[in-house]
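Colleague: Hey, dropping work09.txt in here, compact mmCIF, C-alpha atoms:
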```
# COMPACT_ATOMS: atom_id res chain seq x y z
CA MET A 1 -14.71 40.14 44.74
CA ALA A 2 -15.71 38.63 41.36
CA ASN A 3 -12.64 40.17 39.75
CA ASP A 4 -10.33 38.42 42.14
CA ALA A 5 -12.02 35.12 41.50
CA SER A 6 -11.71 35.46 37.75
CA PHE A 7 -8.11 36.63 38.22
CA LEU A 8 -7.38 33.48 40.19
CA THR A 9 -9.16 31.28 37.65
CA THR A 10 -7.22 32.85 34.82
CA ARG A 11 -3.91 32.35 36.57
CA LEU A 12 -4.88 28.76 37.30
CA ASP A 13 -5.81 28.16 33.69
CA GLU A 14 -2.49 29.57 32.57
CA ALA A 15 -0.69 27.30 34.97
CA ILE A 16 -2.62 24.27 33.79
CA GLY A 17 -1.95 25.21 30.17
CA TRP A 18 1.74 25.64 30.91
CA ALA A 19 1.86 22.29 32.63
CA ARG A 20 -0.03 20.54 29.89
CA LYS A 21 1.99 21.90 27.02
CA TYR A 22 5.26 20.77 28.60
CA SER A 23 4.06 17.30 29.49
CA ILE A 24 2.85 15.96 26.17
CA PHE A 25 2.47 12.21 26.10
CA GLN A 26 2.26 11.23 22.46
CA TYR A 27 0.79 8.17 20.87
CA PRO A 28 2.80 7.58 17.69
CA PHE A 29 0.57 5.87 15.14
CA VAL A 30 3.37 5.00 12.74
CA THR A 31 2.47 3.28 9.48
CA ALA A 32 5.11 4.24 6.93
CA CYS A 33 8.46 5.81 6.12
CA CYS A 34 7.71 9.03 8.03
CA GLY A 35 8.36 6.92 11.10
CA MET A 36 12.11 7.16 10.43
CA GLU A 37 11.89 10.92 10.62
CA TYR A 38 9.78 10.67 13.73
CA MET A 39 12.49 8.55 15.32
CA ALA A 40 15.16 11.02 14.25
CA THR A 41 13.18 13.77 15.92
CA ALA A 42 12.69 11.77 19.07
CA CYS A 43 16.35 10.75 19.43
CA SER A 44 19.16 12.73 20.95
CA HIS A 45 20.19 14.86 17.93
CA TYR A 46 16.93 16.77 17.93
CA ASP A 47 15.76 15.58 21.31
CA VAL A 48 12.05 16.08 21.50
CA ASP A 49 12.39 15.73 25.26
CA ARG A 50 13.54 19.36 25.38
CA PHE A 51 9.90 20.26 24.67
CA GLY A 52 8.46 17.94 27.26
CA ALA A 53 7.30 15.38 24.72
CA GLY A 54 9.97 12.77 25.29
CA LEU A 55 7.86 9.92 26.60
CA PRO A 56 5.69 8.29 23.94
CA ARG A 57 2.95 6.13 25.41
CA PHE A 58 1.95 3.09 23.43
CA SER A 59 -1.47 2.97 24.99
CA PRO A 60 -4.07 5.49 23.85
CA ARG A 61 -5.46 5.60 27.40
CA GLN A 62 -2.28 7.29 28.60
CA ALA A 63 -1.72 9.64 25.66
CA ASP A 64 -2.65 13.28 25.05
CA VAL A 65 -1.54 13.78 21.47
CA LEU A 66 -2.13 11.38 18.61
CA PHE A 67 0.77 11.59 16.14
CA VAL A 68 -0.44 10.07 12.88
CA VAL A 69 2.81 9.29 11.08
CA GLY A 70 2.54 7.79 7.61
CA THR A 71 0.04 6.88 4.94
CA ILE A 72 -3.40 5.88 6.17
CA SER A 73 -5.27 3.43 3.99
CA HIS A 74 -8.99 2.88 4.04
CA LYS A 75 -8.32 -0.51 5.59
CA ILE A 76 -6.49 0.91 8.63
CA ALA A 77 -8.78 3.95 9.02
CA PRO A 78 -11.25 2.27 11.43
CA VAL A 79 -8.31 1.23 13.63
CA LEU A 80 -7.03 4.81 13.73
CA ARG A 81 -10.50 6.08 14.62
CA ARG A 82 -10.70 3.53 17.41
CA VAL A 83 -7.34 4.59 18.84
CA TYR A 84 -8.55 8.19 18.77
CA ASP A 85 -11.80 7.27 20.49
CA GLN A 86 -9.93 5.48 23.25
CA MET A 87 -7.88 8.55 24.16
CA ALA A 88 -9.11 10.54 27.12
CA GLU A 89 -9.93 14.25 26.89
CA PRO A 90 -8.26 16.64 26.49
CA LYS A 91 -6.63 15.28 23.34
CA TRP A 92 -5.06 16.62 20.20
CA VAL A 93 -4.17 15.19 16.79
CA VAL A 94 -1.09 15.94 14.72
CA ALA A 95 -0.97 15.00 11.01
CA PHE A 96 2.68 14.12 10.41
CA GLY A 97 3.76 14.09 6.76
CA VAL A 98 2.00 14.98 3.56
CA CYS A 99 0.19 11.63 3.27
CA THR A 100 -1.72 12.28 6.46
CA CYS A 101 -2.32 15.92 5.52
CA THR A 102 -3.77 15.41 2.04
CA GLY A 103 -3.03 11.90 0.85
CA GLY A 104 0.19 13.17 -0.73
CA PHE A 105 1.08 11.62 -4.04
CA TYR A 106 -1.29 8.73 -3.40
CA ASP A 107 -4.51 9.38 -5.27
CA ASN A 108 -5.90 5.90 -5.60
CA TYR A 109 -8.42 3.33 -4.44
CA ALA A 110 -6.53 2.45 -1.25
CA THR A 111 -5.53 5.69 0.46
CA VAL A 112 -7.40 8.05 2.75
CA MET A 113 -7.04 11.52 1.24
CA GLY A 114 -6.00 13.26 4.42
CA ILE A 115 -6.84 12.10 7.92
CA ASP A 116 -8.98 15.19 8.48
CA THR A 117 -11.60 13.30 6.51
CA ILE A 118 -11.90 10.89 9.44
CA LEU A 119 -10.52 12.77 12.48
CA PRO A 120 -10.33 16.37 13.71
CA VAL A 121 -6.75 17.55 13.19
CA ASP A 122 -5.05 20.28 15.24
CA VAL A 123 -1.65 20.66 13.55
CA TYR A 124 -0.57 19.73 10.05
CA ILE A 125 3.14 19.04 9.41
CA PRO A 126 3.64 18.66 5.65
CA GLY A 127 6.71 17.22 4.00
CA CYS A 128 7.76 13.93 2.46
CA PRO A 129 9.04 13.33 5.04
CA PRO A 130 9.13 16.55 7.10
CA ARG A 131 12.51 17.57 8.45
CA PRO A 132 12.92 17.23 12.21
CA GLU A 133 12.99 21.03 12.40
CA MET A 134 9.53 21.11 10.84
CA VAL A 135 8.32 18.53 13.32
CA LEU A 136 9.65 20.58 16.23
CA ASP A 137 8.03 23.66 14.71
CA GLY A 138 4.73 21.81 14.54
CA LEU A 139 5.16 20.65 18.11
CA ILE A 140 5.74 24.21 19.29
CA LYS A 141 2.66 25.35 17.37
CA LEU A 142 0.71 22.63 19.12
CA GLN A 143 2.07 23.83 22.48
CA ASP A 144 0.93 27.35 21.67
CA LYS A 145 -2.47 25.98 20.82
CA ILE A 146 -2.67 24.04 24.09
CA GLN A 147 -1.61 27.13 26.05
CA MET A 148 -4.03 29.42 24.21
CA GLN A 149 -6.96 27.15 24.90
CA HIS A 150 -6.38 27.89 28.59
CA ALA A 151 -5.26 31.50 28.35
CA THR A 152 -8.52 32.34 26.58
CA GLY A 153 -10.50 30.41 29.14
CA VAL A 154 -11.86 28.05 26.52
CA ARG A 155 -11.56 24.48 27.58
CA PRO A 156 -10.44 22.08 24.87
CA LEU A 157 -13.73 20.60 23.79
CA ALA A 158 -14.10 17.58 21.60
CA GLU A 159 -14.18 18.40 17.93
CA PRO A 160 -17.46 17.70 16.10
CA ARG A 161 -17.74 14.01 15.45
CA PRO A 162 -17.48 12.84 11.87
CA VAL A 163 -20.78 12.32 10.14
CA MET A 164 -21.28 9.16 8.17
CA SER A 165 -21.97 9.87 4.53
CA ASP A 166 -22.63 7.56 1.63
CA PRO A 167 -19.40 6.03 0.40
CA MET B 1 22.48 -28.18 -24.89
CA THR B 2 18.80 -27.75 -25.35
CA THR B 3 17.14 -24.67 -23.99
CA LEU B 4 14.30 -24.69 -21.51
CA VAL B 5 11.91 -23.62 -24.23
CA GLU B 6 12.93 -26.55 -26.43
CA THR B 7 12.67 -28.99 -23.54
CA LEU B 8 9.13 -27.92 -22.79
CA GLY B 9 8.20 -27.83 -26.46
CA HIS B 10 9.31 -31.43 -26.96
CA ARG B 11 7.83 -32.72 -23.73
CA PHE B 12 4.46 -30.94 -24.04
CA PRO B 13 3.83 -30.21 -27.74
CA ASP B 14 0.10 -29.73 -27.13
CA ALA B 15 0.46 -27.50 -24.09
CA VAL B 16 2.82 -24.88 -25.44
CA ALA B 17 1.07 -22.17 -27.41
CA GLY B 18 4.12 -20.08 -28.12
CA SER B 19 7.44 -18.87 -26.82
CA HIS B 20 9.94 -16.12 -27.14
CA THR B 21 13.25 -15.11 -25.67
CA TYR B 22 14.12 -11.53 -24.86
CA ARG B 23 17.79 -10.92 -24.09
CA GLY B 24 18.20 -14.34 -22.59
CA ASP B 25 14.98 -14.44 -20.61
CA ALA B 26 12.82 -17.27 -21.86
CA THR B 27 9.04 -17.10 -21.89
CA VAL B 28 6.66 -19.95 -22.65
CA ILE B 29 2.98 -19.36 -23.31
CA LEU B 30 0.83 -22.23 -22.08
CA HIS B 31 -2.70 -23.38 -22.64
CA ARG B 32 -4.60 -23.08 -19.41
CA GLY B 33 -5.57 -26.72 -19.03
CA SER B 34 -2.02 -28.06 -18.88
CA LEU B 35 -0.63 -25.59 -16.35
CA LEU B 36 -0.58 -27.95 -13.39
CA GLU B 37 1.03 -30.77 -15.36
CA VAL B 38 3.74 -28.54 -16.81
CA ALA B 39 4.40 -26.87 -13.47
CA ARG B 40 4.86 -30.22 -11.73
CA PHE B 41 7.29 -31.24 -14.46
CA LEU B 42 9.23 -28.01 -14.03
CA ARG B 43 9.56 -28.60 -10.32
CA ASP B 44 10.32 -32.32 -10.28
CA ASP B 45 12.40 -32.97 -13.41
CA PRO B 46 16.05 -33.41 -12.37
CA ALA B 47 17.27 -31.36 -15.30
CA LEU B 48 15.00 -28.44 -14.46
CA GLN B 49 14.42 -28.38 -10.68
CA MET B 50 12.49 -25.12 -10.60
CA ASN B 51 12.26 -25.10 -6.82
CA TYR B 52 11.65 -21.38 -6.41
CA LEU B 53 8.50 -19.59 -7.52
CA MET B 54 9.89 -16.08 -7.74
CA ASP B 55 6.71 -14.28 -8.69
CA LEU B 56 3.12 -14.89 -9.62
CA THR B 57 1.12 -12.03 -11.01
CA ALA B 58 -1.32 -11.12 -13.75
CA VAL B 59 -1.83 -8.61 -16.53
CA ASP B 60 -5.03 -7.00 -17.76
CA TYR B 61 -4.63 -6.39 -21.50
CA SER B 62 -8.09 -4.90 -22.00
CA ALA B 63 -6.73 -1.36 -22.37
CA PHE B 64 -3.54 -2.40 -24.11
CA GLY B 65 -2.70 -0.27 -27.13
CA LYS B 66 -5.89 1.79 -26.80
CA LYS B 67 -3.99 4.97 -26.15
CA PRO B 68 -0.39 5.99 -26.67
CA THR B 69 1.86 5.34 -23.74
CA PRO B 70 5.29 6.87 -23.34
CA ALA B 71 7.87 4.14 -23.72
CA PHE B 72 11.53 4.05 -24.47
CA PHE B 73 11.95 0.48 -25.57
CA PRO B 74 10.32 -0.74 -28.75
CA SER B 75 10.17 -4.19 -27.22
CA SER B 76 7.62 -2.94 -24.71
CA GLY B 77 5.17 -3.30 -27.57
CA VAL B 78 3.98 0.26 -27.19
CA SER B 79 6.34 2.39 -29.20
CA VAL B 80 6.63 1.70 -32.92
CA ARG B 81 9.87 3.58 -33.39
CA THR B 82 13.10 1.67 -33.10
CA SER B 83 16.00 3.45 -31.53
CA PRO B 84 19.46 3.01 -33.03
CA GLU B 85 20.99 3.58 -29.60
CA ILE B 86 19.16 0.63 -28.10
CA PRO B 87 19.45 -2.43 -30.34
CA ASP B 88 16.50 -4.76 -30.04
CA GLU B 89 16.97 -7.76 -32.28
CA ASP B 90 14.41 -9.91 -30.54
CA PRO B 91 11.45 -7.70 -29.80
CA TRP B 92 8.52 -8.62 -27.62
CA PRO B 93 5.86 -10.23 -29.80
CA GLY B 94 2.94 -8.56 -28.01
CA PRO B 95 0.11 -9.83 -25.81
CA PRO B 96 -0.36 -13.60 -25.73
CA GLY B 97 -3.45 -14.11 -27.84
CA THR B 98 -6.68 -12.21 -27.58
CA SER B 99 -7.60 -13.10 -24.00
CA ARG B 100 -8.19 -10.22 -21.64
CA PHE B 101 -5.96 -11.49 -18.82
CA ALA B 102 -2.70 -13.34 -18.58
CA VAL B 103 -1.36 -14.96 -15.42
CA VAL B 104 2.42 -14.78 -15.28
CA TYR B 105 4.69 -17.14 -13.36
CA HIS B 106 8.41 -16.65 -12.80
CA PHE B 107 10.36 -19.74 -11.85
CA TYR B 108 13.96 -20.08 -10.77
CA SER B 109 16.11 -23.11 -10.11
CA MET B 110 18.45 -22.79 -7.18
CA ALA B 111 20.32 -25.89 -8.37
CA HIS B 112 20.79 -25.02 -12.03
CA LYS B 113 20.63 -21.23 -11.79
CA HIS B 114 18.18 -20.89 -14.67
CA ARG B 115 14.86 -19.16 -14.83
CA LEU B 116 11.72 -19.36 -16.91
CA ARG B 117 8.57 -17.31 -17.30
CA LEU B 118 5.24 -19.00 -17.92
CA VAL B 119 2.34 -17.01 -19.33
CA VAL B 120 -1.17 -18.44 -19.20
CA PRO B 121 -3.83 -16.48 -21.10
CA VAL B 122 -7.18 -16.34 -19.29
CA GLU B 123 -10.49 -15.25 -20.77
CA GLU B 124 -12.69 -12.82 -18.92
CA ALA B 125 -15.78 -15.05 -19.08
CA ASN B 126 -14.07 -17.91 -17.26
CA ALA B 127 -11.33 -16.22 -15.27
CA ALA B 128 -9.89 -19.19 -13.40
CA VAL B 129 -6.72 -21.23 -13.48
CA ASP B 130 -5.42 -24.12 -11.42
CA SER B 131 -3.76 -23.23 -8.14
CA LEU B 132 -0.06 -23.97 -7.74
CA SER B 133 -0.20 -23.73 -3.96
CA SER B 134 0.01 -27.50 -3.64
CA LEU B 135 3.37 -27.46 -5.46
CA TRP B 136 4.91 -24.21 -4.16
CA PRO B 137 3.45 -23.14 -0.77
CA GLY B 138 4.55 -19.59 -1.58
CA ALA B 139 1.94 -19.45 -4.32
CA ASN B 140 -0.77 -19.25 -1.68
CA TRP B 141 -0.53 -15.54 -0.88
CA LEU B 142 0.51 -14.58 -4.41
CA GLU B 143 -2.63 -16.18 -5.80
CA ARG B 144 -4.71 -14.44 -3.16
CA GLU B 145 -3.18 -11.15 -4.29
CA VAL B 146 -4.02 -11.87 -7.94
CA TRP B 147 -7.57 -12.74 -6.89
CA ASP B 148 -7.82 -9.54 -4.86
CA MET B 149 -6.44 -7.24 -7.53
CA PHE B 150 -7.63 -8.87 -10.77
CA GLY B 151 -10.51 -11.17 -9.83
CA ILE B 152 -8.90 -14.26 -11.32
CA SER B 153 -9.79 -17.27 -9.21
CA PHE B 154 -7.60 -20.29 -8.59
CA ARG B 155 -9.07 -23.78 -8.57
CA GLY B 156 -7.91 -25.85 -5.64
CA HIS B 157 -6.64 -22.96 -3.57
CA PRO B 158 -7.08 -23.75 0.15
CA ASP B 159 -8.19 -20.27 1.26
CA LEU B 160 -8.93 -17.94 -1.63
CA LYS B 161 -9.88 -14.61 -0.07
CA ARG B 162 -8.70 -11.03 -0.27
CA ILE B 163 -5.23 -10.33 1.08
CA LEU B 164 -4.65 -6.58 0.60
CA MET B 165 -8.07 -4.97 0.42
CA TYR B 166 -10.76 -5.26 3.06
CA ASP B 167 -13.66 -7.65 2.77
CA GLU B 168 -16.16 -4.84 2.21
CA PHE B 169 -14.29 -3.70 -0.90
CA ALA B 170 -16.30 -4.27 -4.07
CA GLY B 171 -14.51 -5.01 -7.32
CA HIS B 172 -10.91 -5.61 -8.23
CA PRO B 173 -8.86 -2.41 -8.34
CA LEU B 174 -6.14 -3.37 -10.82
CA ARG B 175 -8.64 -4.25 -13.51
CA LYS B 176 -8.43 -1.58 -16.16
CA ASP B 177 -12.17 -0.93 -15.98
CA TYR B 178 -12.08 -0.13 -12.26
CA PRO B 179 -12.88 3.61 -12.06
CA VAL B 180 -9.72 5.53 -11.23
CA LYS B 181 -11.55 7.94 -8.93
CA LYS B 182 -13.72 5.38 -7.15
CA ARG B 183 -13.26 5.34 -3.37
CA GLN B 184 -14.77 2.90 -0.89
CA PRO B 185 -14.09 4.33 2.56
CA LEU B 186 -15.04 2.26 5.59
CA ILE B 187 -15.73 5.23 7.88
CA GLY B 188 -17.23 8.58 7.11
CA ARG B 189 -15.92 12.04 6.49
CA ILE B 190 -16.24 15.26 8.44
CA ASP B 191 -18.54 17.48 6.42
```
Just give me the structure as structure tokens.
Modeller:
Amino acid sequence: MANDASFLTTRLDEAIGWARKYSIFQYPFVTACCGMEYMATACSHYDVDRFGAGLPRFSPRQADVLFVVGTISHKIAPVLRRVYDQMAEPKWVVAFGVCTCTGGFYDNYATVMGIDTILPVDVYIPGCPPRPEMVLDGLIKLQDKIQMQHATGVRPLAEPRPVMSDP
Amino acid sequence: MTTLVETLGHRFPDAVAGSHTYRGDATVILHRGSLLEVARFLRDDPALQMNYLMDLTAVDYSAFGKKPTPAFFPSSGVSVRTSPEIPDEDPWPGPPGTSRFAVVYHFYSMAHKHRLRLVVPVEEANAAVDSLSSLWPGANWLEREVWDMFGISFRGHPDLKRILMYDEFAGHPLRKDYPVKKRQPLIGRID
């Protein structure tokens, strides 16, 4: 009866994936002007609650998805890493806006050139700032990713930890 | 009616190193040693009453004029061409002396509605000026910013430490010899 067992496990994983992707509790790490667009997405016009992500948690202990919204400077980077470390597994990271994706038009002494240099990133949403439609598109892509991690039977493991290198 | 520049010139003939006026905005170049005395006079004299320190910043002239910079106004001191469309009868005379740095103060009088810019040239070897934080409390953070960005220290400042960059940061990023591509991350990368 091994087939039945794996059938049951697969169905269970699908159900868990479905439940998880429609109950995203985000932690908005908002540092800059992208935050306005984040708020526009979250409010009633675009209504992020339609996708089950309507309840941002302002404690990393209660959050599943870290939304990094706005420019990250080298000074704030350790704080962002700490927030990420405090989140419980399974967890995902969304880079919101071009500054978090690549550094954007900041190429200087102060700015982190993309948060994927300090954190593992699951979804990149470029734009300066991204339109709410792009944010919703990124959110749906993240939901697909959450669902697929269960449909394929692969549990969401922690990404490889960043390795310290010489500054 | 005497202008601000004339008032200062008569009151402190030894302190004033030069002056110019660009489209109504007066600038006085001061010797470093008399800054505190002149600033106190600006604040306390009934005819001046400069009770608002609008801005306090600095300039690094070490790369000035070394390479062509696109500029529209001849008074910026960069372009040599005068434009007939933009009359400029009173052009900017250029950097104040040969010192590398200049600390710039902008004062405004709420009572008299007049403003004045003070420029204090500072040499690189002894990059320090007197702090104005005892006269204008708002100078405190502005001087910390100048220290952080340019490495110019302020004598008598109550708490002169970095304000924008982190303590581990080495160097002063707005100095023209700070490498443009130099990064000093606090935490590592994913390789």
Colleague: Residues of chain B were defined as contacting chain A if any atom lay at most 12 Å from it, counting all atoms listed in the file; please report them as an MDAnalysis selection string.
Modeller: chainID B and resid 149 163:175 178:191
Colleague: So that I can check the surroundings of stretch 116-128 of chain B, please list as a ChimeraX atom specification every protein, DNA and RNA residue that reaches within 9 Å of it, counting all atoms listed in the file and ignoring chain neighbours fewer than 5 positions away.
Modeller: /B:4-5,25-32,35,50,58,96-109,151-155
Colleague: For B:Arg23, which residue among B:Asp90, B:Glu6, B:Asp60, B:Glu85 is the nearest when counting all atoms listed in the file?
Modeller: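 Selected residue with least distance to B:Arg23: B:Asp90.
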Colleague: Between atom CA of B:Tyr52 and atom CA of B:Ala139, what distance in Å does the model show, to one decimal?
Modeller: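 Going from atom CA of B:Tyr52 over to atom CA of B:Ala139, I get 10.1 Å.
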Colleague: Please measure the separation of atom CA of B:Leu53 and atom CA of B:Trp136, giving the value in Å to one decimal.
Modeller: 6.7 Å
Colleague: Hey, which of B:His157, B:Leu142, B:Lys113, B:Trp147 ends up closest to B:Gln49? Count all atoms listed in the file.
Modeller: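 Using all atoms listed in the file, B:Gln49 sits closest to B:Lys113.
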Colleague: Report the distance between atom CA of A:Ser59 and atom CA of A:Arg20 in Å, rounded to one decimal place.
Modeller: 18.3 Å
Colleague: Give the answer as one residue: which of A:Ala15, A:Leu66, A:Cys99, A:Val94 has the shortest atom-to-atom distance to A:Gly138, using all atoms listed in the file?
Modeller: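 Answer, going by the shortest atom-to-atom distance: A:Val94.
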Colleague: Compile the contact shell of stretch 37-42 of chain A as a VMD selection string: residues with an atom at most 10 Å away, counting all atoms listed in the file, same-chain residues fewer than 2 positions apart removed.
Modeller: chain A and resid 28 30 33 to 35 44 to 50 53 to 56 67 69 to 70 96 to 97 128 to 136
